[in-house]
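Colleague: The structure follows.
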Amino acid sequence: MSKKKNTLFENSWFIRAVSLFVSLLLFSYVYSENYGLTTTNRNNAISTTRNETISNLPIQVNIDTDHYFISGLPETIVLSLTGPESVIVQTLSANDFSIVTEDLNLLGPGRHTIEIRAVNLSDELNYQITPSRVNVEIEEKVSIESPIEVLFDTSLVDEEYVSGEPVLSDETAIITGPASTIDRIARIYVRVPSDTNLSSNVDITTVVQVEDGNGNKLNVSIEPQEVDVEIPITPYEKKVPLTINQKGTAASGKTYELSLVGDGEVSLKGNRNLLAEVDEVTLDVDITNIKTDTVLTLPVISPLPTVTVSPTEVQVNVKVTTTQTESATNRSSTTVQPVKKEEDE
């Protein structure tokens, strides 16, 4: 018996048959496990119901924005989806659905309750939008063009300098918004911030502001939103008349007429607060020892030590006139010698 068993295991065909049988068993087991699991997973994916919530979805507003302005509409909504997991996964991956309003052009100006809905979602999905209905106000859109005011604190300028007229890259702004808001506009301006003791030009880009009478910023469209502002800062200069003060001792029998050569004005530069009290500059003209017409070149003296004056020199015409008293005196001092007649011899 033992000898017969050994003979069986030594038979090569028997060993091949056993190996083939074992291989078939292993293949059947592995195939069954893999195929059976995949099928189960696929069936589960198809049959499973899934809930998905998507936040911050923007709303597409169905309205002619060139003619209407809408207020009260939220910027985003929350969308809740319920349905087969496979459909939800495809929907989220494609992201080809939209959240829209109804056609608001049919409603016209006024207050309305409108519906928000989703489009391009599968019929196999149920959805809920929060909020799904909102109260809005539709108004006609109005545009105005208005000058831009510049707010600049001139007290920030150094006392020896002065600010000039602001130069803007755009002198006016176009303001667009609902008619009720446009009617509330009280001022359109730019504010120019700056350091103290300014002594050089200001060049800045700043935002255009729109306010109502109470100083509240208004929700409007502004074009341009920013403007460049340049304010020239130059040394303070003041022009005042130059007045002549005749001094000295006049020659006997002479009168004098003094006049300036030029426009009779001088320019003063310096502290504007000090110069506020200066209305003229006096030029002293000494006529002592002047007996005939002449032209004098005289220095112009600054009225204040810290103030410069221009020009520093001026010319003065001096016209001398002889009085009648001096003429009579000259005539009376003249001696007429008598002529003697010759005697006849």
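Residues in the structure tokens are numbered from 1 in each chain, the chains being A, B, ... in the order shown, and ligands are numbered from 1 in the order shown.
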Which polymer residues have any atom within 8 Å of an atom of Glu145 (chain A), counting only C-alpha atoms, with same-chain residues fewer than 3 positions away left out, as a ChimeraX atom specification?

Modeller: /A:172-175

Colleague: Fewer than 2 positions away in the same chain doesn't count, so skip those; otherwise give me all residues within 6 Å of region 64-74 of chain A, counting only C-alpha atoms, as a list of chain:residue names.

Modeller: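 Residues near the query, excluding close chain neighbours: A:Thr76, A:Val136, A:Glu137, A:Ile138, A:Glu139, A:Glu140, A:Lys141, A:Pro178.
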
Colleague: Put those residues in a file: N, CA and C atoms, as a JSON list (two decimals), in the first residue's frame.

Modeller:
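Written out: result.json:
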[["chain", "number", "residue", "atom", "x", "y", "z"],
["A", 76, "THR", "N", -24.54, 87.00, -1.93],
["A", 76, "THR", "CA", -24.42, 85.55, -2.10],
["A", 76, "THR", "C", -25.58, 84.84, -1.41],
["A", 136, "VAL", "N", -36.57, 93.75, -2.63],
["A", 136, "VAL", "CA", -35.61, 94.64, -3.28],
["A", 136, "VAL", "C", -36.31, 95.93, -3.70],
["A", 137, "GLU", "N", -35.48, 96.93, -4.00],
["A", 137, "GLU", "CA", -36.01, 98.18, -4.57],
["A", 137, "GLU", "C", -35.27, 98.46, -5.86],
["A", 138, "ILE", "N", -36.05, 98.69, -6.91],
["A", 138, "ILE", "CA", -35.49, 98.99, -8.23],
["A", 138, "ILE", "C", -35.71, 100.47, -8.52],
["A", 139, "GLU", "N", -34.61, 101.16, -8.88],
["A", 139, "GLU", "CA", -34.68, 102.58, -9.19],
["A", 139, "GLU", "C", -34.02, 102.84, -10.53],
["A", 140, "GLU", "N", -34.43, 103.93, -11.14],
["A", 140, "GLU", "CA", -33.77, 104.34, -12.38],
["A", 140, "GLU", "C", -32.35, 104.81, -12.08],
["A", 141, "LYS", "N", -31.42, 104.45, -12.94],
["A", 141, "LYS", "CA", -30.03, 104.86, -12.77],
["A", 141, "LYS", "C", -29.84, 106.26, -13.36],
["A", 178, "PRO", "N", -28.62, 105.34, -8.00],
["A", 178, "PRO", "CA", -30.08, 105.49, -8.00],
["A", 178, "PRO", "C", -30.47, 106.95, -7.83]]

Colleague: What lies within 8 Å of region 97-104 of chain A using only C-alpha atoms, ignoring chain neighbours under 3 positions off, as a ChimeraX atom specification?

Modeller: /A:57-63,91,107-108,114-121

Colleague: Go ahead and save the residues from that selection, with all heavy atoms, as a short mmCIF file (atom, residue, chain, number, x, y, z; two decimals), in the first residue's frame.

Modeller:
data_model
loop_
_atom_site.label_atom_id
_atom_site.label_comp_id
_atom_site.auth_asym_id
_atom_site.auth_seq_id
_atom_site.Cartn_x
_atom_site.Cartn_y
_atom_site.Cartn_z
N LEU A 57 -22.45 81.46 -2.77
CA LEU A 57 -22.65 81.43 -4.22
C LEU A 57 -23.16 82.78 -4.70
O LEU A 57 -24.15 83.30 -4.16
CB LEU A 57 -23.66 80.33 -4.60
CG LEU A 57 -23.16 78.90 -4.50
CD1 LEU A 57 -24.30 77.94 -4.80
CD2 LEU A 57 -22.00 78.65 -5.46
N PRO A 58 -22.51 83.40 -5.69
CA PRO A 58 -22.97 84.70 -6.18
C PRO A 58 -24.27 84.60 -6.95
O PRO A 58 -24.62 83.55 -7.50
CB PRO A 58 -21.82 85.15 -7.08
CG PRO A 58 -21.19 83.88 -7.54
CD PRO A 58 -21.32 82.90 -6.40
N ILE A 59 -24.99 85.71 -7.01
CA ILE A 59 -26.28 85.77 -7.70
C ILE A 59 -26.11 86.54 -9.01
O ILE A 59 -25.55 87.65 -9.01
CB ILE A 59 -27.34 86.47 -6.84
CG1 ILE A 59 -27.47 85.76 -5.48
CG2 ILE A 59 -28.69 86.53 -7.55
CD1 ILE A 59 -28.36 86.50 -4.50
N GLN A 60 -26.56 85.96 -10.08
CA GLN A 60 -26.60 86.67 -11.36
C GLN A 60 -27.91 87.45 -11.44
O GLN A 60 -28.99 86.86 -11.41
CB GLN A 60 -26.48 85.70 -12.52
CG GLN A 60 -25.15 84.98 -12.60
CD GLN A 60 -25.06 84.07 -13.81
OE1 GLN A 60 -25.91 84.10 -14.71
NE2 GLN A 60 -24.01 83.25 -13.86
N VAL A 61 -27.80 88.78 -11.53
CA VAL A 61 -28.98 89.64 -11.51
C VAL A 61 -29.47 89.85 -12.93
O VAL A 61 -28.72 90.36 -13.78
CB VAL A 61 -28.67 90.99 -10.84
CG1 VAL A 61 -29.92 91.84 -10.74
CG2 VAL A 61 -28.07 90.75 -9.45
N ASN A 62 -30.68 89.47 -13.19
CA ASN A 62 -31.26 89.58 -14.52
C ASN A 62 -31.96 90.93 -14.66
O ASN A 62 -33.17 91.06 -14.48
CB ASN A 62 -32.25 88.44 -14.76
CG ASN A 62 -32.71 88.36 -16.19
OD1 ASN A 62 -32.30 89.14 -17.04
ND2 ASN A 62 -33.61 87.42 -16.46
N ILE A 63 -31.17 91.98 -14.98
CA ILE A 63 -31.71 93.33 -15.10
C ILE A 63 -30.79 94.14 -16.00
O ILE A 63 -29.58 93.86 -16.10
CB ILE A 63 -31.84 94.01 -13.71
CG1 ILE A 63 -32.72 95.26 -13.79
CG2 ILE A 63 -30.47 94.36 -13.14
CD1 ILE A 63 -33.07 95.85 -12.43
N THR A 91 -22.10 67.16 -10.53
CA THR A 91 -22.55 68.55 -10.52
C THR A 91 -21.49 69.46 -9.93
O THR A 91 -21.18 70.53 -10.48
CB THR A 91 -23.85 68.68 -9.72
OG1 THR A 91 -24.85 67.85 -10.32
CG2 THR A 91 -24.32 70.13 -9.68
N LEU A 107 -40.44 94.14 -14.02
CA LEU A 107 -41.04 94.72 -12.82
C LEU A 107 -41.03 96.24 -12.85
O LEU A 107 -41.97 96.89 -12.42
CB LEU A 107 -40.31 94.22 -11.57
CG LEU A 107 -40.29 92.70 -11.38
CD1 LEU A 107 -39.51 92.34 -10.13
CD2 LEU A 107 -41.71 92.15 -11.31
N GLY A 108 -39.91 96.84 -13.32
CA GLY A 108 -39.82 98.30 -13.36
C GLY A 108 -39.48 98.88 -12.00
O GLY A 108 -39.35 98.16 -11.00
N ILE A 114 -38.84 89.37 -4.91
CA ILE A 114 -38.42 88.61 -6.08
C ILE A 114 -37.96 87.21 -5.66
O ILE A 114 -37.63 86.96 -4.50
CB ILE A 114 -37.28 89.32 -6.84
CG1 ILE A 114 -36.01 89.36 -5.98
CG2 ILE A 114 -37.70 90.72 -7.25
CD1 ILE A 114 -34.78 89.83 -6.73
N GLU A 115 -37.93 86.30 -6.66
CA GLU A 115 -37.54 84.93 -6.43
C GLU A 115 -36.13 84.68 -6.95
O GLU A 115 -35.74 85.19 -8.02
CB GLU A 115 -38.52 83.99 -7.14
CG GLU A 115 -38.20 82.51 -6.98
CD GLU A 115 -39.13 81.63 -7.78
OE1 GLU A 115 -40.04 82.17 -8.44
OE2 GLU A 115 -38.94 80.40 -7.75
N ILE A 116 -35.38 83.90 -6.19
CA ILE A 116 -34.03 83.48 -6.61
C ILE A 116 -34.08 81.98 -6.87
O ILE A 116 -34.60 81.21 -6.05
CB ILE A 116 -32.99 83.80 -5.52
CG1 ILE A 116 -32.99 85.30 -5.20
CG2 ILE A 116 -31.60 83.36 -5.96
CD1 ILE A 116 -32.08 85.67 -4.05
N ARG A 117 -33.53 81.57 -8.01
CA ARG A 117 -33.61 80.16 -8.35
C ARG A 117 -32.29 79.69 -8.97
O ARG A 117 -31.45 80.51 -9.36
CB ARG A 117 -34.76 79.91 -9.32
CG ARG A 117 -34.66 80.66 -10.62
CD ARG A 117 -35.81 80.32 -11.54
NE ARG A 117 -35.74 81.02 -12.81
CZ ARG A 117 -36.32 82.17 -13.07
NH1 ARG A 117 -37.01 82.79 -12.12
NH2 ARG A 117 -36.21 82.73 -14.26
N ALA A 118 -32.16 78.33 -9.05
CA ALA A 118 -30.99 77.71 -9.65
C ALA A 118 -31.34 77.21 -11.05
O ALA A 118 -32.45 76.74 -11.29
CB ALA A 118 -30.49 76.56 -8.80
N VAL A 119 -30.41 77.33 -11.96
CA VAL A 119 -30.62 76.84 -13.32
C VAL A 119 -29.49 75.88 -13.68
O VAL A 119 -28.38 75.96 -13.14
CB VAL A 119 -30.68 78.01 -14.34
CG1 VAL A 119 -31.89 78.88 -14.09
CG2 VAL A 119 -29.40 78.84 -14.30
N ASN A 120 -29.80 74.97 -14.60
CA ASN A 120 -28.86 73.97 -15.11
C ASN A 120 -28.46 72.94 -14.06
O ASN A 120 -27.34 72.46 -14.04
CB ASN A 120 -27.61 74.64 -15.69
CG ASN A 120 -26.91 73.73 -16.69
OD1 ASN A 120 -27.55 72.95 -17.38
ND2 ASN A 120 -25.59 73.83 -16.76
N LEU A 121 -29.41 72.60 -13.17
CA LEU A 121 -29.21 71.50 -12.23
C LEU A 121 -29.93 70.26 -12.75
O LEU A 121 -30.99 70.37 -13.39
CB LEU A 121 -29.74 71.86 -10.84
CG LEU A 121 -28.86 72.76 -9.95
CD1 LEU A 121 -29.58 73.05 -8.64
CD2 LEU A 121 -27.51 72.12 -9.69
#

Colleague: Given the choices A:Leu304, A:Thr181, A:Pro311, A:Val316, which gets closest to Gln246 (chain A) if the distance is worked out from only C-alpha atoms?

Modeller: A:Val316

Colleague: Hey, can you check how far CA of Thr294 (chain A) sits from CA of Leu260 (chain A)?

Modeller: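 Answer for the CA of Thr294 (chain A) to CA of Leu260 (chain A) separation: 12.2 Å.
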
Colleague: Measuring between only C-alpha atoms, which one of A:Val208, A:Ile144, A:Val202, A:Val78 shows the shortest distance to Glu226 (chain A)?

Modeller: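 Of all the options, A:Val208 lies closest to Glu226 (chain A).
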
Colleague: When you draw a straight line from CA of Asp158 (chain A) to CA of Ser199 (chain A), how long is it in Å?

Modeller: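 So the two atoms, CA of Asp158 (chain A) and CA of Ser199 (chain A), lie 5.9 Å apart.
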
Colleague: Quick one: everything within 9 Å of region 86-88 of chain A, counting only C-alpha atoms, minus sequence neighbours fewer than 3 positions away in the same chain. Send it as a PyMOL selection string.

Modeller: chain A and resi 45-52+81-83+91-93+122+124-125
